[in-house]
Protein chains: 4
Amino acid sequence: MSFNTFGHLFRVTTFGESHGPAIGCVVDGCPPRIPLTEADIQPYLDRRRPGQSRYTTQRQEPDAVKILSGVFVDEVSGKQVTTGTPIALLIDNVDQRSKDYSDIKDKYRPGHADYTYDVKYGLRDYRGGGRQSARETAMRVAAGAIARKIVPSLTVRGALVQMGPHRIDRARWDWAEVDRNPFFCPDPKTAAMLGDYLDGLRKRGSSIGAVIEVVAEGVPSGLGAPIYGKLDGDLAGALMSINAVKGVEIGAGFAAAELAGEQNGDEMRMGNDGKPLFLSNNAGGILGGISTGQPIVARFAVKPTSSILIPRRTVDRYGRETEISTIGRHDPCVGIRAVPIGEAMVACVVADHYLRQRGQVGGPPAWPLPAAPR
Amino acid sequence: MSFNTFGHLFRVTTFGESHGPAIGCVVDGCPPRIPLTEADIQPYLDRRRPGQSRYTTQRQEPDAVKILSGVFVDEVSGKQVTTGTPIALLIDNVDQRSKDYSDIKDKYRPGHADYTYDVKYGLRDYRGGGRQSARETAMRVAAGAIARKIVPSLTVRGALVQMGPHRIDRARWDWAEVDRNPFFCPDPKTAAMLGDYLDGLRKRGSSIGAVIEVVAEGVPSGLGAPIYGKLDGDLAGALMSINAVKGVEIGAGFAAAELAGEQNGDEMRMGNDGKPLFLSNNAGGILGGISTGQPIVARFAVKPTSSILIPRRTVDRYGRETEISTIGRHDPCVGIRAVPIGEAMVACVVADHYLRQRGQVGGPPAWPLPAAPR
Amino acid sequence: MSFNTFGHLFRVTTFGESHGPAIGCVVDGCPPRIPLTEADIQPYLDRRRPGQSRYTTQRQEPDAVKILSGVFVDEVSGKQVTTGTPIALLIDNVDQRSKDYSDIKDKYRPGHADYTYDVKYGLRDYRGGGRQSARETAMRVAAGAIARKIVPSLTVRGALVQMGPHRIDRARWDWAEVDRNPFFCPDPKTAAMLGDYLDGLRKRGSSIGAVIEVVAEGVPSGLGAPIYGKLDGDLAGALMSINAVKGVEIGAGFAAAELAGEQNGDEMRMGNDGKPLFLSNNAGGILGGISTGQPIVARFAVKPTSSILIPRRTVDRYGRETEISTIGRHDPCVGIRAVPIGEAMVACVVADHYLRQRGQVGGPPAWPLPAAPR
Amino acid sequence: MSFNTFGHLFRVTTFGESHGPAIGCVVDGCPPRIPLTEADIQPYLDRRRPGQSRYTTQRQEPDAVKILSGVFVDEVSGKQVTTGTPIALLIDNVDQRSKDYSDIKDKYRPGHADYTYDVKYGLRDYRGGGRQSARETAMRVAAGAIARKIVPSLTVRGALVQMGPHRIDRARWDWAEVDRNPFFCPDPKTAAMLGDYLDGLRKRGSSIGAVIEVVAEGVPSGLGAPIYGKLDGDLAGALMSINAVKGVEIGAGFAAAELAGEQNGDEMRMGNDGKPLFLSNNAGGILGGISTGQPIVARFAVKPTSSILIPRRTVDRYGRETEISTIGRHDPCVGIRAVPIGEAMVACVVADHYLRQRGQVGGPPAWPLPAAPR
């Protein structure tokens, strides 16, 4: 990962600001001959899109993605497929509402990156948050849609498992429920409470944090690498790179600190498919940085939206003390829309490691091993 | 980060297995003319070294580091300094106790990477855990000692803040206490309990997890980059790459999920030094992926040691179901020795970003900005 | 360099095919606060643009570049400047002449990458050469225009020094002449012959190779790195990556094979500016992979255009033997338009190393050194 | 390539100075289960080793390589094989002849990197050339020996084709001859002259340049990537990174500048093996940056040794004008020993691209393609 590029063999470079003409990305290293049209990408963007319920920002962006390069209609199949060359994706910014920025442009919103951009670069594009806007994450979702097509049998799904004090009851987890409520919440009972809870927050001009869980199924065993190319290391870096994320955990995560060795280590038996069957998944599908073949389970914490109506003490870029109250279109809980983004980042990391593993090792070795001579 | 290399401008490549002839690393990209001898590195290795108390593995390794390259005695100052060329460090393995590996070499220890190495590579060096051994982390600590010298005024300190059910009382936090007990625990009252607690675990043949906190002070503001080069993204990847780590958080971390916007965003006033003064540090010193100048606060969860005496169900590499009980020299709480390792990883990430920031921007811009013309 | 990205701190990623909707690039890592508008880039694109004389392809492309991101109007200066975030550039493809590709789409043109794309990827975008088209090089020129602004006092100029049998007389070298003829030829006498020479080639349906020389002045001493980050190593990789380039040399280049040691090593005296004065420049401005402060001199050989009218024996993608004669708009000497491309690549490499040197070392050390104590 | 690391999936990091305790390298990303012992590497080091004839430096270094990590004895086969973890190699420096450096330590040898190291880093290890010594290339040769084992059927051979004014007659090319003379010269008649020629140079205290040609056979088609990951781009960078190299060319190289299109483009017919047969190889086995399956042919020019007895004008590090005459053990033609080094770099580049191609594409697509429907 370097500045605005992410991944090694499956590489994603994003660009664009919230209120510039467009945002976009370049996906490099995608294998050739994978069927790909805008219709493969758009549904994922639609899930992330703002303005779909009254619980997310009211900015109206169709987020219609265009593929600018890297695809071609294959003569034999008649399908549009990837060519192996870089795939550029572009989304025009449409709803850059003309606005008076006179307040925000000089003042630093607490919890926001306004100050750090200024102190790093000496200036910032303050319109709608510029590069720090969550708008950049649309391109992660688009890239993730391509990543999903690279690893056969990969399924990546996410869900909101906590919002403020409201934690789901995992016994009620229902993946189908996730798409039935505007919160990506897998527990219908918790979901039923969240609307009123968010309405209350908004009336107070406040916001709230959340925890998102992403589960990747169908990940082949053997992805990752021992030391600095660990699958969980790359997942942690990728998820922490999402705006507003303050924590990442894999499998048992922080709860592992309270587990004894015999509680934590996942015991193994032989499954009917000739592969090991793990009797639990505290590892979250990763041991020693390498995938076990079990589902990969990652969770991340999203802090509350920093742009709130409640007035806060701050300073401006000229070193003067002042107050700020942010009026505008903001998600009261940015964690909600982080669900498809988290899924996308996990998909990108898995796809990258899938290609890296294929590169180094070529194909999975025989397992179980032939018995050693005695 | 790629396989066994870590960092961009300050790059660390480690090598070596637990029971091979030696372990080592190459530190590339270190600035020239920094005074450096083995005496700058050895104290950090000594803190991580096994066998120093009865609460860590009894393997006896002097861990005496040798500098093989990249230093020279400067004529003018008469001091040995870095030359800007790669610094290779080597530690001979001394106590590779001859041992019967007949049990461990075929069986997969639950919670260990035995299976994933076999299924990825088709074989593994089982002696003492091979490459997956915590022995590799000695080289991280050595590299970290060099990293500490790169950023002027940087101080990185770590502490154990939780072991199993025992959490410290933060009101009693005393940095001086950390070096007074064998647990790196900053709270003397909690520290006093941990010895008996660990003795009990060991008698039962069990082990326990922990949470470590690392605080970096003196980090200049402006380090990091907006999207995939975020300082917290790189910290998360670096800390998660340490053996047995299952979770990473920055600042308020997972607790941020329960905070309202007005509780979380750190308010600002002007300090006497002409720089902003934050009234709290929920951000953990990082906003938008860029350092604020406040202390950087990172925590990570370490799972319990997987090699335990209590028998566990497992399979072997030939696909046969069996049991395993790991006899040998193991830390009952690997989290203890993770303290100097976590410090080292934070120091390496900060040093890398310090050089990257200097590369892109050249030097800090003027702040506060000159007032704009009206 | 990895697939479609080039550089380390100053990173350029290009995308797009000859006959897709657009070509573009993302420039990442550019320092902030550098004045930049389209007007800084367009003149360089105009020099490379096809259809400007009858000696280059008659494809009509305005090559009007748009900046999509990474710039903002600085309040204090009132100028549009870089922000430090990625700069995306886009050029719409306009003259994708509708054409019958029935011949070229199945047959492999000798000397072209048609076969290698098919055998690597299993398909290719054959329209106008797809990704292998020289059209991609427009984005290198655009990125180079930005690179030129990064290194203070850098001047990069190129010239055609040989076309087929016609070599310039270096005694007549006149930089001003380069822009007075359509061949970028610095020798007016040679330039005067090239028009008729090319007309003759075109009548025969043939094409010809060329040698280009690029000179970079104002390169600070100390750029580069000893082993694999050598300035000349990166220049060689960058120039060889230009379409149709088959050779690269620095300074005396291949002629050095015939030089004796006392002829080759550039002697040194002290200059009036307190810096060493080299009495010759066989090194081409680089010793041990590090810039000396002298002008950097690089030359590269460009093979003749492979798409020619003269019929050639070949095979098609279905394994059938056949003949091909390429009708269409082609440069009879692609070397001509390689001049601005070569300049751009040199500028990008120098800018990248300028930032890398600043990152590792921080600033030039004092030289001459203070005298050592006796 | 970054400072001291080279390659993407097959990565080589070297370290060490001429007169430090040892030189070494870390080879990361090597596929697992490749048989490897010191005996696979040593013969290549022996070919490069100094002191083997009176035409190379008389420094006596056994260059005995030790493998420190990354190998293990596979139970099933009983062979020592790679494990997929980093392979560290170490060579002790033995003959660091104690010497009076009082002259060389302050003065800059013309043609040498003495000045550029000082002006970049502010100091240098002057003993035997420090990091700029050709000694570092031993580790390239060692890494190359591993690279050769990665690509099935790969053969990489090199030869000296020119020394000063003496060019070989290609009609007399005999690979077997290369190992029969101390110059790696494939033409026995030319080889017979070179001994006397070098004796004459040495008597005069001079040195001479050379041209080396490396041919890689058995390279699968499809390796490389279109734009910045071109196989020839990476070869050029790799070969130019060898000490004293001033030019690189592929296939027809600089001679292509004089070729007409119909002379240069290699015509194709179908071979008996169902693959295209090229009727010539001006491309040097690479089209569009991607291997064709033909032999890869690369040549590079090596400048004369800069350390010569003939006195030369120079300056010292304190800015004083002076003269230098380098007494010591130096190759009169460093080009000779560049032959095994060039082979190694080509092998490393091919191995890296072999793994990268396998990563991105997975395996070669079917060729010829199934006929398109009409």
# chains A, B, ... in the order shown; residues from 1 in each chain; ligands from 1
$ closest_atom_pairs --of "chain C" --to "chain A" --cutoff "10 Å" --atoms "only C-alpha atoms" --output "Markdown table"
| residue | atom | partner | partner_atom | distance |
| --- | --- | --- | --- | --- |
| C:Ser2 | CA | A:Leu9 | CA | 8.5 |
| C:Phe3 | CA | A:Gly29 | CA | 7.1 |
| C:Asn4 | CA | A:Asp28 | CA | 6.8 |
| C:Thr5 | CA | A:Asp28 | CA | 8.5 |
| C:His8 | CA | A:Ser2 | CA | 8.7 |
| C:Leu9 | CA | A:Ser2 | CA | 8.6 |
| C:Arg11 | CA | A:Ser2 | CA | 9.5 |
| C:Thr13 | CA | A:Val26 | CA | 7.9 |
| C:Thr14 | CA | A:Pro86 | CA | 7.9 |
| C:Phe15 | CA | A:Pro86 | CA | 5.6 |
| C:Gly16 | CA | A:Ser69 | CA | 4.9 |
| C:Glu17 | CA | A:Ser69 | CA | 6.3 |
| C:Ser18 | CA | A:Ser69 | CA | 9.7 |
| C:His19 | CA | A:Ser69 | CA | 9.4 |
| C:Gly20 | CA | A:Ser69 | CA | 6.3 |
| C:Pro21 | CA | A:Leu68 | CA | 6.0 |
| C:Ala22 | CA | A:Leu68 | CA | 6.3 |
| C:Ile23 | CA | A:Leu68 | CA | 7.8 |
| C:Gly24 | CA | A:Ala88 | CA | 8.5 |
| C:Cys25 | CA | A:Val26 | CA | 8.7 |
| C:Val26 | CA | A:Phe15 | CA | 7.3 |
| C:Val27 | CA | A:Phe15 | CA | 9.3 |
| C:Asp28 | CA | A:Asn4 | CA | 6.8 |
| C:Gly29 | CA | A:Phe3 | CA | 7.1 |
| C:Pro31 | CA | A:Tyr121 | CA | 8.1 |
| C:Pro32 | CA | A:Tyr121 | CA | 5.7 |
| C:Arg33 | CA | A:Gly122 | CA | 7.4 |
| C:Lys66 | CA | A:Pro21 | CA | 10.0 |
| C:Ile67 | CA | A:Pro21 | CA | 9.0 |
| C:Leu68 | CA | A:Pro21 | CA | 6.0 |
| C:Ser69 | CA | A:Gly16 | CA | 4.9 |
| C:Gly70 | CA | A:Gly16 | CA | 7.0 |
| C:Val71 | CA | A:Asp125 | CA | 8.0 |
| C:Phe72 | CA | A:Asp125 | CA | 6.1 |
| C:Val73 | CA | A:Asp125 | CA | 8.3 |
| C:Asp74 | CA | A:Leu123 | CA | 7.0 |
| C:Glu75 | CA | A:Leu123 | CA | 8.7 |
| C:Val76 | CA | A:Leu123 | CA | 9.7 |
| C:Val81 | CA | A:Leu123 | CA | 9.4 |
| C:Thr82 | CA | A:Leu123 | CA | 9.2 |
| C:Thr83 | CA | A:Arg124 | CA | 6.4 |
| C:Gly84 | CA | A:Tyr121 | CA | 6.4 |
| C:Thr85 | CA | A:Arg131 | CA | 7.2 |
| C:Pro86 | CA | A:Phe15 | CA | 5.6 |
| C:Ile87 | CA | A:Phe15 | CA | 7.1 |
| C:Ala88 | CA | A:Phe15 | CA | 6.5 |
| C:Tyr117 | CA | A:Thr83 | CA | 9.2 |
| C:Asp118 | CA | A:Thr83 | CA | 9.8 |
| C:Lys120 | CA | A:Gly84 | CA | 9.0 |
| C:Tyr121 | CA | A:Pro32 | CA | 5.7 |
| C:Gly122 | CA | A:Arg33 | CA | 7.4 |
| C:Leu123 | CA | A:Thr83 | CA | 6.6 |
| C:Arg124 | CA | A:Thr83 | CA | 6.4 |
| C:Asp125 | CA | A:Phe72 | CA | 6.1 |
| C:Tyr126 | CA | A:Phe72 | CA | 9.4 |
| C:Arg127 | CA | A:Phe72 | CA | 10.0 |
| C:Gly130 | CA | A:Gly70 | CA | 9.3 |
| C:Arg131 | CA | A:Thr85 | CA | 7.2 |
| C:Gln132 | CA | A:Thr85 | CA | 10.0 |
$ residues_around --residues "range 226-240 of chain A" --least-positions-apart "3" --cutoff "8 Å" --atoms "only C-alpha atoms" --output "PyMOL selection string"
(chain A and resi 223+243+245-250+286+288-291+300+342+345-346+349-350+353) or (chain B and resi 1-6+131-132+228+232-242+248) or (chain D and resi 85)
$ select_by_dssp --residues "range 82-241 of chain B" --states "alpha helix (DSSP H)" --output "ChimeraX atom specification"
/B:114-121,137-148,175-178,188-203,231-240
$ residues_around --residues "range 144-158 of chain A" --least-positions-apart "6" --cutoff "8 Å" --atoms "only C-alpha atoms" --output "PDB file with C-alpha atoms, in the first residue's frame"
ATOM      1  CA  CYS A  30      -6.749  -8.331 -13.107  1.00  0.00           C
ATOM      2  CA  PRO A  31      -6.573 -11.707 -14.857  1.00  0.00           C
ATOM      3  CA  ILE A  34     -13.161 -12.574 -16.877  1.00  0.00           C
ATOM      4  CA  LEU A  36     -17.091  -7.855 -16.947  1.00  0.00           C
ATOM      5  CA  ASP A  40     -21.353  -6.435 -12.619  1.00  0.00           C
ATOM      6  CA  ILE A  41     -20.252  -3.403 -10.640  1.00  0.00           C
ATOM      7  CA  TYR A  44     -22.558  -2.990  -5.327  1.00  0.00           C
ATOM      8  CA  PHE A 184     -27.512  -3.910   6.981  1.00  0.00           C
ATOM      9  CA  ILE A 212     -19.294  -4.043  11.206  1.00  0.00           C
ATOM     10  CA  GLU A 213     -18.582  -7.717  10.634  1.00  0.00           C
ATOM     11  CA  VAL A 214     -17.455  -9.118   7.296  1.00  0.00           C
ATOM     12  CA  VAL A 215     -17.432 -12.838   6.530  1.00  0.00           C
ATOM     13  CA  ALA A 216     -15.640 -14.276   3.522  1.00  0.00           C
ATOM     14  CA  GLU A 217     -16.604 -17.815   2.583  1.00  0.00           C
ATOM     15  CA  GLY A 218     -15.037 -19.946  -0.102  1.00  0.00           C
ATOM     16  CA  VAL A 219     -11.520 -18.658   0.555  1.00  0.00           C
ATOM     17  CA  VAL A 339     -20.774  -2.408   5.299  1.00  0.00           C
ATOM     18  CA  PRO A 340     -20.366  -2.653   1.508  1.00  0.00           C
ATOM     19  CA  GLY A 342     -15.712  -3.407   4.300  1.00  0.00           C
ATOM     20  CA  GLU A 343     -16.882  -6.232   2.062  1.00  0.00           C
ATOM     21  CA  ALA A 344     -15.049  -4.672  -0.879  1.00  0.00           C
ATOM     22  CA  MET A 345     -11.780  -4.301   1.000  1.00  0.00           C
ATOM     23  CA  VAL A 346     -11.898  -7.909   2.161  1.00  0.00           C
ATOM     24  CA  ALA A 347     -12.622  -9.048  -1.405  1.00  0.00           C
ATOM     25  CA  CYS A 348      -9.681  -7.023  -2.750  1.00  0.00           C
ATOM     26  CA  VAL A 350      -8.376 -12.002  -0.794  1.00  0.00           C
ATOM     27  CA  ALA A 351      -8.106 -11.566  -4.578  1.00  0.00           C
ATOM     28  CA  TYR A 354      -5.092 -15.475  -4.373  1.00  0.00           C
TER      29      TYR A 354
END
$ select_by_dssp --residues "range 142-239 of chain B" --states "strand (DSSP E)" --output "VMD selection string"
chain B and resid 155 to 163 166 to 167 210 to 217
$ atom_distance --atom1 "CA of Gly362 in chain D" --atom2 "CA of Thr37 in chain A"
22.0 Å
$ atom_distance --atom1 "CA of Pro43 in chain A" --atom2 "CA of Arg167 in chain A"
27.9 Å
$ residues_around --residues "Gly51 in chain A" --least-positions-apart "2" --cutoff "10 Å" --atoms "only C-alpha atoms" --output "list in words"
Arg48, Arg49, Ser53, Arg54, Tyr55, Thr56, Thr57, Gln58, Arg59, Gln60, Glu61, Pro62, Arg329 and Asp331 of chain A
$ atom_distance --atom1 "CA of Val297 in chain C" --atom2 "CA of Glu323 in chain D"
26.6 Å
$ residues_around --residues "Pro165 in chain C" --least-positions-apart "6" --cutoff "9 Å" --atoms "only C-alpha atoms" --output "count of residues only"
4
$ decode --residues "range 138-149 of chain B" --atoms "all heavy atoms" --output "PDB file, in the first residue's frame"
ATOM      1  N   ALA B 138      12.620 -11.209  17.194  1.00  0.00           N
ATOM      2  CA  ALA B 138      13.844 -10.560  17.681  1.00  0.00           C
ATOM      3  C   ALA B 138      14.359  -9.569  16.648  1.00  0.00           C
ATOM      4  O   ALA B 138      14.843  -8.477  16.985  1.00  0.00           O
ATOM      5  CB  ALA B 138      14.907 -11.614  17.997  1.00  0.00           C
ATOM      6  N   MET B 139      14.242  -9.925  15.374  1.00  0.00           N
ATOM      7  CA  MET B 139      14.764  -9.037  14.336  1.00  0.00           C
ATOM      8  C   MET B 139      13.903  -7.786  14.185  1.00  0.00           C
ATOM      9  O   MET B 139      14.387  -6.734  13.797  1.00  0.00           O
ATOM     10  CB  MET B 139      14.869  -9.770  13.004  1.00  0.00           C
ATOM     11  CG  MET B 139      15.780 -10.985  13.032  1.00  0.00           C
ATOM     12  SD  MET B 139      17.316 -10.854  14.015  1.00  0.00           S
ATOM     13  CE  MET B 139      18.082  -9.401  13.303  1.00  0.00           C
ATOM     14  N   ARG B 140      12.618  -7.909  14.494  1.00  0.00           N
ATOM     15  CA  ARG B 140      11.765  -6.714  14.473  1.00  0.00           C
ATOM     16  C   ARG B 140      12.232  -5.741  15.551  1.00  0.00           C
ATOM     17  O   ARG B 140      12.270  -4.531  15.347  1.00  0.00           O
ATOM     18  CB  ARG B 140      10.306  -7.102  14.730  1.00  0.00           C
ATOM     19  CG  ARG B 140       9.754  -8.112  13.726  1.00  0.00           C
ATOM     20  CD  ARG B 140       8.336  -8.491  14.114  1.00  0.00           C
ATOM     21  NE  ARG B 140       7.760  -9.513  13.251  1.00  0.00           N
ATOM     22  CZ  ARG B 140       6.567  -9.420  12.673  1.00  0.00           C
ATOM     23  NH1 ARG B 140       5.810  -8.356  12.881  1.00  0.00           N
ATOM     24  NH2 ARG B 140       6.103 -10.390  11.913  1.00  0.00           N
ATOM     25  N   VAL B 141      12.551  -6.323  16.709  1.00  0.00           N
ATOM     26  CA  VAL B 141      13.003  -5.476  17.818  1.00  0.00           C
ATOM     27  C   VAL B 141      14.328  -4.799  17.456  1.00  0.00           C
ATOM     28  O   VAL B 141      14.528  -3.609  17.724  1.00  0.00           O
ATOM     29  CB  VAL B 141      13.130  -6.318  19.104  1.00  0.00           C
ATOM     30  CG1 VAL B 141      13.820  -5.516  20.204  1.00  0.00           C
ATOM     31  CG2 VAL B 141      11.749  -6.791  19.562  1.00  0.00           C
ATOM     32  N   ALA B 142      15.208  -5.540  16.812  1.00  0.00           N
ATOM     33  CA  ALA B 142      16.492  -4.969  16.403  1.00  0.00           C
ATOM     34  C   ALA B 142      16.289  -3.844  15.396  1.00  0.00           C
ATOM     35  O   ALA B 142      16.890  -2.764  15.510  1.00  0.00           O
ATOM     36  CB  ALA B 142      17.378  -6.068  15.814  1.00  0.00           C
ATOM     37  N   ALA B 143      15.415  -4.078  14.407  1.00  0.00           N
ATOM     38  CA  ALA B 143      15.139  -3.036  13.410  1.00  0.00           C
ATOM     39  C   ALA B 143      14.497  -1.829  14.074  1.00  0.00           C
ATOM     40  O   ALA B 143      14.783  -0.674  13.731  1.00  0.00           O
ATOM     41  CB  ALA B 143      14.240  -3.595  12.311  1.00  0.00           C
ATOM     42  N   GLY B 144      13.631  -2.099  15.042  1.00  0.00           N
ATOM     43  CA  GLY B 144      12.973  -1.010  15.751  1.00  0.00           C
ATOM     44  C   GLY B 144      13.957  -0.116  16.484  1.00  0.00           C
ATOM     45  O   GLY B 144      13.756   1.101  16.593  1.00  0.00           O
ATOM     46  N   ALA B 145      15.031  -0.724  16.985  1.00  0.00           N
ATOM     47  CA  ALA B 145      16.048   0.070  17.691  1.00  0.00           C
ATOM     48  C   ALA B 145      16.691   1.079  16.738  1.00  0.00           C
ATOM     49  O   ALA B 145      17.038   2.194  17.142  1.00  0.00           O
ATOM     50  CB  ALA B 145      17.104  -0.857  18.288  1.00  0.00           C
ATOM     51  N   ILE B 146      16.850   0.679  15.482  1.00  0.00           N
ATOM     52  CA  ILE B 146      17.394   1.621  14.492  1.00  0.00           C
ATOM     53  C   ILE B 146      16.351   2.679  14.152  1.00  0.00           C
ATOM     54  O   ILE B 146      16.655   3.872  14.065  1.00  0.00           O
ATOM     55  CB  ILE B 146      17.865   0.857  13.234  1.00  0.00           C
ATOM     56  CG1 ILE B 146      18.969  -0.143  13.615  1.00  0.00           C
ATOM     57  CG2 ILE B 146      18.347   1.829  12.158  1.00  0.00           C
ATOM     58  CD1 ILE B 146      19.411  -1.054  12.472  1.00  0.00           C
ATOM     59  N   ALA B 147      15.102   2.236  13.979  1.00  0.00           N
ATOM     60  CA  ALA B 147      14.023   3.172  13.640  1.00  0.00           C
ATOM     61  C   ALA B 147      13.902   4.289  14.674  1.00  0.00           C
ATOM     62  O   ALA B 147      13.655   5.448  14.329  1.00  0.00           O
ATOM     63  CB  ALA B 147      12.698   2.420  13.527  1.00  0.00           C
ATOM     64  N   ARG B 148      14.069   3.934  15.927  1.00  0.00           N
ATOM     65  CA  ARG B 148      13.945   4.928  16.999  1.00  0.00           C
ATOM     66  C   ARG B 148      14.929   6.080  16.839  1.00  0.00           C
ATOM     67  O   ARG B 148      14.695   7.191  17.324  1.00  0.00           O
ATOM     68  CB  ARG B 148      14.211   4.272  18.357  1.00  0.00           C
ATOM     69  CG  ARG B 148      13.119   3.351  18.858  1.00  0.00           C
ATOM     70  CD  ARG B 148      13.612   2.567  20.069  1.00  0.00           C
ATOM     71  NE  ARG B 148      12.764   1.443  20.422  1.00  0.00           N
ATOM     72  CZ  ARG B 148      11.795   1.486  21.353  1.00  0.00           C
ATOM     73  NH1 ARG B 148      11.563   2.605  22.004  1.00  0.00           N
ATOM     74  NH2 ARG B 148      11.066   0.426  21.627  1.00  0.00           N
ATOM     75  N   LYS B 149      16.072   5.789  16.176  1.00  0.00           N
ATOM     76  CA  LYS B 149      17.105   6.824  16.063  1.00  0.00           C
ATOM     77  C   LYS B 149      16.857   7.781  14.902  1.00  0.00           C
ATOM     78  O   LYS B 149      17.554   8.780  14.756  1.00  0.00           O
ATOM     79  CB  LYS B 149      18.476   6.167  15.894  1.00  0.00           C
ATOM     80  CG  LYS B 149      18.776   5.153  17.011  1.00  0.00           C
ATOM     81  CD  LYS B 149      20.235   4.834  17.106  1.00  0.00           C
ATOM     82  CE  LYS B 149      20.976   5.985  17.776  1.00  0.00           C
ATOM     83  NZ  LYS B 149      22.363   5.639  18.122  1.00  0.00           N
TER      84      LYS B 149
END
